[in-house]
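Asker: My structure is below; once you've seen it, I'll send some questions.
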Amino acid sequence: MRGRCSREACAKHQGPQNHDKIIVIGVGNAFRTDDGVGIAVARALMRCAPPRVPVIEATGEGTTLMDAWKGYESVILIDAARSGSVPGTVFRLDPHEQTIPSRFFHYSTHVFSVAEAVEMARTLASLPPRFVLYAIEGGNFDHGTELTPKVREAAGRVTALVLDELGSGHSSAVRPGNASAQAAT
Amino acid sequence: MSSKTRTIKVDYIARVEGEGQMFVKIKGGKVRDVKLKIIEPPRFFEAFLRGRPYSDAPDITARICGICPIAYISSSIHAMEDIFGLKVTGPIRDLRRLIYCGEWIESHALHMFMLHAPDFLGYESAIHMAKDHGDLVQRGLRIKKAGNEVVRLIGGREIHPINVRVGGFYRVPSKAEIRTLADELNWCCDALEETGAWAATLPFPDFERDYEFVALRHPDEYPIIEGRLVSNKGLDIAISDFYEHIEEQHVQHSTSLQSNIKARGEYFVGPQARYSLNYEQLTPRCKALAKAAGLGPVSRNPFQSILVRCVETLYACEEALRIINGYELPDQPAMPYTVRAGTGYGCTEAPRGICHHRYKVDDKGDILDARIAPPTAQNQKVIESDLWHFVDQHIDLQDDQLQWQCEQAVRNYDPCISCSCHFLKVNIERTL
């Protein structure tokens, strides 16, 4: 997936100019095989996303995530999931529409992780107004630096989906109530 | 309570790092068996290290834990410097102590506010607690963030820092950069005094045991990065003699090794051990906070660990401010050294207790052998003993209450099962 597109080659993905209040966060551990899928998507987006959209990597430690998205109007967060679905399945979740099922992220040893951070932010009324969470079902969470084939393919699809979210104007795509838990294709 | 069989089974203890189980069997009104089962797969970090250059050790061992990477980085670096005959002093040593203060602040704040406070206030989680105690949670998050910022500034990033190396750092902060940390740390000192006053009002079970506390002790400072290993029962050894006095045992129910003092058995590491063995090294403000919270110079009730963590967090903030205010830019970011073959030792005070490393390297500096004793592995037996005694003393509690307090008793130690190898499930079984 790396090098799939350069920033110059992605002019079609530039999208709206005012991205000051949107952040993209890729979560995971690049040394735990498919747990690295959020990081892989973030690294691809660093080359493709509109220049003014910050794209960051995070380990998934919840309080750090809450700090990372503080002050942003829109958040797109990508993380691996282990929900029992078929590896490579992509879920698009809107925390404003539903509670994030913590089972999605129970592969993590972090006691306070993505789902908890989202729910804590909701409780403290600090959840950014627009929030999209892409969860990609992993198949292997053992030590390793390569994504499994189905998850690598899913990473490419999610990269394109996030670019579409940004390119088509996050104000329409990343809006409350746009989608509840659903498998994206 | 009748003498019938009681089986209390909890399959998942929340609010601990990593995966494990707890099993308590009660028969005829007596505790018959207690096991802290660590079931996470072994992680083989020591095997990964063999054959790699010495300089990889800090970066690889940092990956053992996302909460306390500085402990692993520091202990591995000190061990390599022990081999190479390097003693780091001056501003570089101060910066090492400063980044470690950052880790204590963030780790202790996470445990006090997010993991342990819900136990005392009767909430399932910090998220449930936040609905009624939003200000408390916000305060905890802000204190934790102050610690994160210290680690980020000195270490390059908050999790798994990458700026620390054998001999010192790749880059050191300017005086102007380091002073940006001061205002928030000053706010934390006041916030921690408020937190101590709040924590002192919490309901603590009446439970004390005659522990053997083990911690570092240093003649000039509250121990963080170096010292001799001492206990309240006669242990007083150089860190290089660790395995002369400490043995690790494999037990069937755990993928983590259990540690014992060869002469006497289980021992207790962590904030209460440090505090009880080093009270005199605390600052006047910390001693005043401890006194106001109802603590004496020795703290033997593990349920009061939240108070001791509060004192230690205040200490870490004050110590960080002392270092920041006196900081002078070092001549170079790292001190020079010459690689040579040998065996070396490093032992530092992770937030949860001593983290001991031993390495053997060849004349090129490649690692021939590595051995790591993380704090939770060392506390595993004392946690099991606490559970045994606590259940024995509270055998008539209803099963749901007993289960709650057993989980709390485990969380007293802020166990990082991922570090020790590695989910905590609780099973309490009662039979006739």
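As shown in the structure tokens, the chain order sets the letters A, B, ...; within each chain, residues go from 1, and ligands are also counted from 1 in the order they appear.
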At a cut-off of 12 Å, list the chain A residues touching chain B, using only C-alpha atoms, as a ChimeraX atom specification.

Answerer: /A:28-32,57-68,106-113,115-126,142-143

Asker: Residues near Tyr72 in chain A, anyone? I mean within 7 Å using only C-alpha atoms, not counting same-chain ones fewer than 6 positions away, as a list in words.

Answerer: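 The neighbour list is Lys21, Ile22, Ile23 and Pro128 of chain A.
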
Asker: Since we have the selection now, will you write its residues out, keeping N, CA and C atoms, as a short mmCIF file (atom, residue, chain, number, x, y, z; two decimals), in the first residue's frame?

Answerer:
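File produced: result20.cif:
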```cif
data_model
loop_
_atom_site.label_atom_id
_atom_site.label_comp_id
_atom_site.auth_asym_id
_atom_site.auth_seq_id
_atom_site.Cartn_x
_atom_site.Cartn_y
_atom_site.Cartn_z
N LYS A 21 -10.13 22.01 11.01
CA LYS A 21 -10.76 21.41 12.19
C LYS A 21 -11.03 19.92 12.05
N ILE A 22 -10.33 19.29 11.15
CA ILE A 22 -10.50 17.84 10.99
C ILE A 22 -9.17 17.15 11.22
N ILE A 23 -9.21 16.02 11.89
CA ILE A 23 -7.99 15.25 12.13
C ILE A 23 -8.26 13.77 11.81
N PRO A 128 -15.97 15.21 19.83
CA PRO A 128 -16.09 16.14 18.70
C PRO A 128 -17.41 15.94 17.96
#
```

Asker: Can you check which residues of range 116-176 of chain B DSSP gives as alpha helix (DSSP H) on the backbone and send them as a VMD selection string?

Answerer: chain B and resid 117 to 121 126 to 132 134 to 155 175 to 176

Asker: Show which residues sit within 7 Å of Trp388 in chain B, as a list in words. Count only C-alpha atoms, and ignore same-chain residues fewer than 4 positions away.

Answerer: Val31, Val34, Glu384 and Asp392 of chain B

Asker: What would the file look like if the residues just selected were written as a compact mmCIF listing (two decimals), in the first residue's frame with all heavy atoms?

Answerer:
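Contents of out01.txt, as written:
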```txt
# COMPACT_ATOMS: atom_id res chain seq x y z
N VAL B 31 -10.73 -20.65 53.37
CA VAL B 31 -10.10 -20.52 52.06
C VAL B 31 -9.22 -21.73 51.84
O VAL B 31 -8.42 -22.10 52.70
CB VAL B 31 -9.24 -19.23 51.98
CG1 VAL B 31 -8.63 -19.10 50.60
CG2 VAL B 31 -10.06 -18.02 52.34
N VAL B 34 -6.01 -20.19 46.43
CA VAL B 34 -6.05 -18.90 45.72
C VAL B 34 -5.00 -18.95 44.63
O VAL B 34 -3.85 -19.32 44.89
CB VAL B 34 -5.75 -17.71 46.66
CG1 VAL B 34 -5.62 -16.42 45.86
CG2 VAL B 34 -6.81 -17.56 47.72
N GLU B 384 -1.51 -12.88 45.66
CA GLU B 384 -2.22 -14.13 46.01
C GLU B 384 -2.39 -14.23 47.53
O GLU B 384 -3.45 -14.59 48.03
CB GLU B 384 -1.44 -15.35 45.49
CG GLU B 384 -1.57 -15.57 44.00
CD GLU B 384 -0.85 -16.81 43.51
OE1 GLU B 384 -0.02 -17.39 44.26
OE2 GLU B 384 -1.09 -17.21 42.36
N ASP B 392 -10.23 -14.79 53.86
CA ASP B 392 -10.33 -15.46 55.16
C ASP B 392 -10.95 -14.53 56.20
O ASP B 392 -11.77 -14.95 57.03
CB ASP B 392 -8.92 -15.88 55.59
CG ASP B 392 -8.91 -17.10 56.47
OD1 ASP B 392 -9.78 -17.97 56.27
OD2 ASP B 392 -8.05 -17.17 57.36
```

Asker: Just checking: using only C-alpha atoms, which residue out of B:Leu307, B:Asp366, B:Asn260, B:Arg274 ends up closest to Asn379 in chain B?

Answerer: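 Among B:Leu307, B:Asp366, B:Asn260, B:Arg274, it is B:Asn260 that comes nearest to Asn379 in chain B.
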
Asker: Excluding range 85-101 of chain B and residues on its chain fewer than 6 positions from it, collect all residues at most 6 Å away from it, counting only C-alpha atoms, and give them as number ranges by chain.

Answerer: B: 151, 168, 316, 320, 330

Asker: Export, as a PDB file, in the first residue's frame, the selected residues with N, CA, C and O atoms.

Answerer:
```pdb
ATOM      1  N   VAL B 151       7.194  13.385  29.295  1.00  0.00           N
ATOM      2  CA  VAL B 151       7.764  12.265  28.542  1.00  0.00           C
ATOM      3  C   VAL B 151       7.928  12.646  27.075  1.00  0.00           C
ATOM      4  O   VAL B 151       8.941  12.323  26.441  1.00  0.00           O
ATOM      5  N   GLY B 168      23.043   8.750  27.226  1.00  0.00           N
ATOM      6  CA  GLY B 168      22.250   9.975  27.395  1.00  0.00           C
ATOM      7  C   GLY B 168      21.062  10.043  26.465  1.00  0.00           C
ATOM      8  O   GLY B 168      20.176   9.193  26.498  1.00  0.00           O
ATOM      9  N   ALA B 316       6.769  13.512  42.420  1.00  0.00           N
ATOM     10  CA  ALA B 316       7.278  13.527  41.036  1.00  0.00           C
ATOM     11  C   ALA B 316       7.122  14.912  40.415  1.00  0.00           C
ATOM     12  O   ALA B 316       8.006  15.381  39.686  1.00  0.00           O
ATOM     13  N   ALA B 320      10.236  17.160  39.437  1.00  0.00           N
ATOM     14  CA  ALA B 320      10.341  17.629  38.048  1.00  0.00           C
ATOM     15  C   ALA B 320      10.575  19.134  38.031  1.00  0.00           C
ATOM     16  O   ALA B 320      11.435  19.631  37.279  1.00  0.00           O
ATOM     17  N   PRO B 330      23.442  20.473  28.901  1.00  0.00           N
ATOM     18  CA  PRO B 330      24.710  19.728  28.958  1.00  0.00           C
ATOM     19  C   PRO B 330      25.588  20.059  27.759  1.00  0.00           C
ATOM     20  O   PRO B 330      25.098  20.492  26.710  1.00  0.00           O
TER      21      PRO B 330
END
```

Asker: Any idea what's packed within 10 Å of Ala182 in chain B, counting only C-alpha atoms, ignoring anything in its chain fewer than 2 positions away? Could you give it as a VMD selection string?

Answerer: chain B and resid 146 150 178 to 180 184 to 188 317 to 318 320 to 322 324 to 325

Asker: Print the selection's residues with N, CA and C atoms to a file, as a JSON list (two decimals), in the first residue's frame.

Answerer:
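The resulting file, selection12.json, is shown below:
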```
[["chain", "number", "residue", "atom", "x", "y", "z"],
["B", 146, "ALA", "N", -0.11, 16.22, 32.00],
["B", 146, "ALA", "CA", 1.13, 16.90, 32.38],
["B", 146, "ALA", "C", 2.30, 15.92, 32.37],
["B", 150, "VAL", "N", 5.81, 15.77, 29.83],
["B", 150, "VAL", "CA", 7.20, 15.63, 30.24],
["B", 150, "VAL", "C", 7.87, 14.53, 29.41],
["B", 178, "ILE", "N", 12.23, 23.42, 28.13],
["B", 178, "ILE", "CA", 11.94, 22.67, 29.35],
["B", 178, "ILE", "C", 11.10, 23.51, 30.33],
["B", 179, "ARG", "N", 11.25, 24.82, 30.25],
["B", 179, "ARG", "CA", 10.47, 25.68, 31.16],
["B", 179, "ARG", "C", 8.99, 25.72, 30.79],
["B", 180, "THR", "N", 8.66, 25.30, 29.58],
["B", 180, "THR", "CA", 7.24, 25.28, 29.19],
["B", 180, "THR", "C", 6.44, 24.28, 30.02],
["B", 184, "GLU", "N", 2.11, 23.94, 34.25],
["B", 184, "GLU", "CA", 1.16, 22.85, 34.43],
["B", 184, "GLU", "C", 1.56, 21.96, 35.62],
["B", 185, "LEU", "N", 2.86, 21.77, 35.82],
["B", 185, "LEU", "CA", 3.30, 20.97, 36.96],
["B", 185, "LEU", "C", 2.99, 21.69, 38.27],
["B", 186, "ASN", "N", 3.11, 23.01, 38.27],
["B", 186, "ASN", "CA", 2.72, 23.76, 39.48],
["B", 186, "ASN", "C", 1.23, 23.58, 39.76],
["B", 187, "TRP", "N", 0.41, 23.63, 38.69],
["B", 187, "TRP", "CA", -1.03, 23.39, 38.87],
["B", 187, "TRP", "C", -1.27, 22.00, 39.44],
["B", 188, "CYS", "N", -0.52, 21.02, 38.95],
["B", 188, "CYS", "CA", -0.68, 19.64, 39.42],
["B", 188, "CYS", "C", -0.40, 19.52, 40.92],
["B", 317, "CYS", "N", 6.01, 15.59, 40.72],
["B", 317, "CYS", "CA", 5.81, 16.95, 40.19],
["B", 317, "CYS", "C", 6.80, 17.93, 40.80],
["B", 318, "GLU", "N", 6.98, 17.82, 42.12],
["B", 318, "GLU", "CA", 7.94, 18.73, 42.77],
["B", 318, "GLU", "C", 9.36, 18.48, 42.28],
["B", 320, "ALA", "N", 10.24, 17.16, 39.44],
["B", 320, "ALA", "CA", 10.34, 17.63, 38.05],
["B", 320, "ALA", "C", 10.58, 19.13, 38.03],
["B", 321, "LEU", "N", 9.85, 19.87, 38.87],
["B", 321, "LEU", "CA", 10.02, 21.33, 38.92],
["B", 321, "LEU", "C", 11.41, 21.70, 39.41],
["B", 322, "ARG", "N", 11.93, 20.95, 40.39],
["B", 322, "ARG", "CA", 13.28, 21.23, 40.89],
["B", 322, "ARG", "C", 14.29, 21.07, 39.76],
["B", 324, "ILE", "N", 13.69, 21.17, 36.50],
["B", 324, "ILE", "CA", 13.43, 22.19, 35.46],
["B", 324, "ILE", "C", 14.04, 23.52, 35.86],
["B", 325, "ASN", "N", 13.84, 23.90, 37.11],
["B", 325, "ASN", "CA", 14.33, 25.21, 37.56],
["B", 325, "ASN", "C", 15.86, 25.29, 37.60]]
```

Asker: If you run DSSP on the backbone, which residues of range 240-377 of chain B are strand (DSSP E or B), as a ChimeraX atom specification?

Answerer: /B:246-249,254,258-261,265,268,334,342-350,353-361,366-373

Asker: Create the file for the chosen residues now, containing C-alpha atoms and written as a tab-separated table (two decimals), in the first residue's frame.

Answerer:
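Saved as selection03.tsv:
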```tsv
chain	number	residue	atom	x	y	z
B	246	ILE	CA	15.94	-13.55	44.54
B	247	GLU	CA	14.74	-16.72	42.81
B	248	GLU	CA	12.13	-16.93	40.10
B	249	GLN	CA	9.86	-19.95	39.95
B	254	SER	CA	0.96	-18.64	35.28
B	258	GLN	CA	6.93	-15.76	40.38
B	259	SER	CA	9.68	-14.17	42.47
B	260	ASN	CA	10.73	-15.00	46.02
B	261	ILE	CA	13.46	-13.86	48.36
B	265	GLY	CA	9.66	-15.98	50.41
B	268	PHE	CA	6.18	-6.50	48.02
B	334	ALA	CA	25.28	11.87	25.45
B	342	GLY	CA	30.81	-8.13	30.12
B	343	THR	CA	27.75	-8.56	32.28
B	344	GLY	CA	25.84	-5.58	33.65
B	345	TYR	CA	22.84	-4.75	35.78
B	346	GLY	CA	20.21	-2.03	35.81
B	347	CYS	CA	17.41	-1.56	38.32
B	348	THR	CA	15.01	1.37	38.44
B	349	GLU	CA	11.73	2.11	40.19
B	350	ALA	CA	8.93	1.61	37.66
B	353	GLY	CA	7.98	-1.29	41.60
B	354	ILE	CA	11.51	-2.35	40.80
B	355	CYS	CA	12.28	-3.34	37.23
B	356	HIS	CA	15.55	-5.31	37.18
B	357	HIS	CA	17.55	-6.08	34.02
B	358	ARG	CA	20.69	-8.15	33.50
B	359	TYR	CA	22.55	-8.36	30.18
B	360	LYS	CA	25.65	-10.12	28.94
B	361	VAL	CA	27.25	-8.72	25.77
B	366	ASP	CA	26.01	-7.90	20.77
B	367	ILE	CA	23.66	-9.28	23.40
B	368	LEU	CA	24.45	-12.84	24.45
B	369	ASP	CA	21.91	-13.10	27.24
B	370	ALA	CA	19.11	-10.97	28.72
B	371	ARG	CA	17.05	-11.43	31.86
B	372	ILE	CA	14.26	-9.08	32.98
B	373	ALA	CA	12.33	-9.12	36.26
```
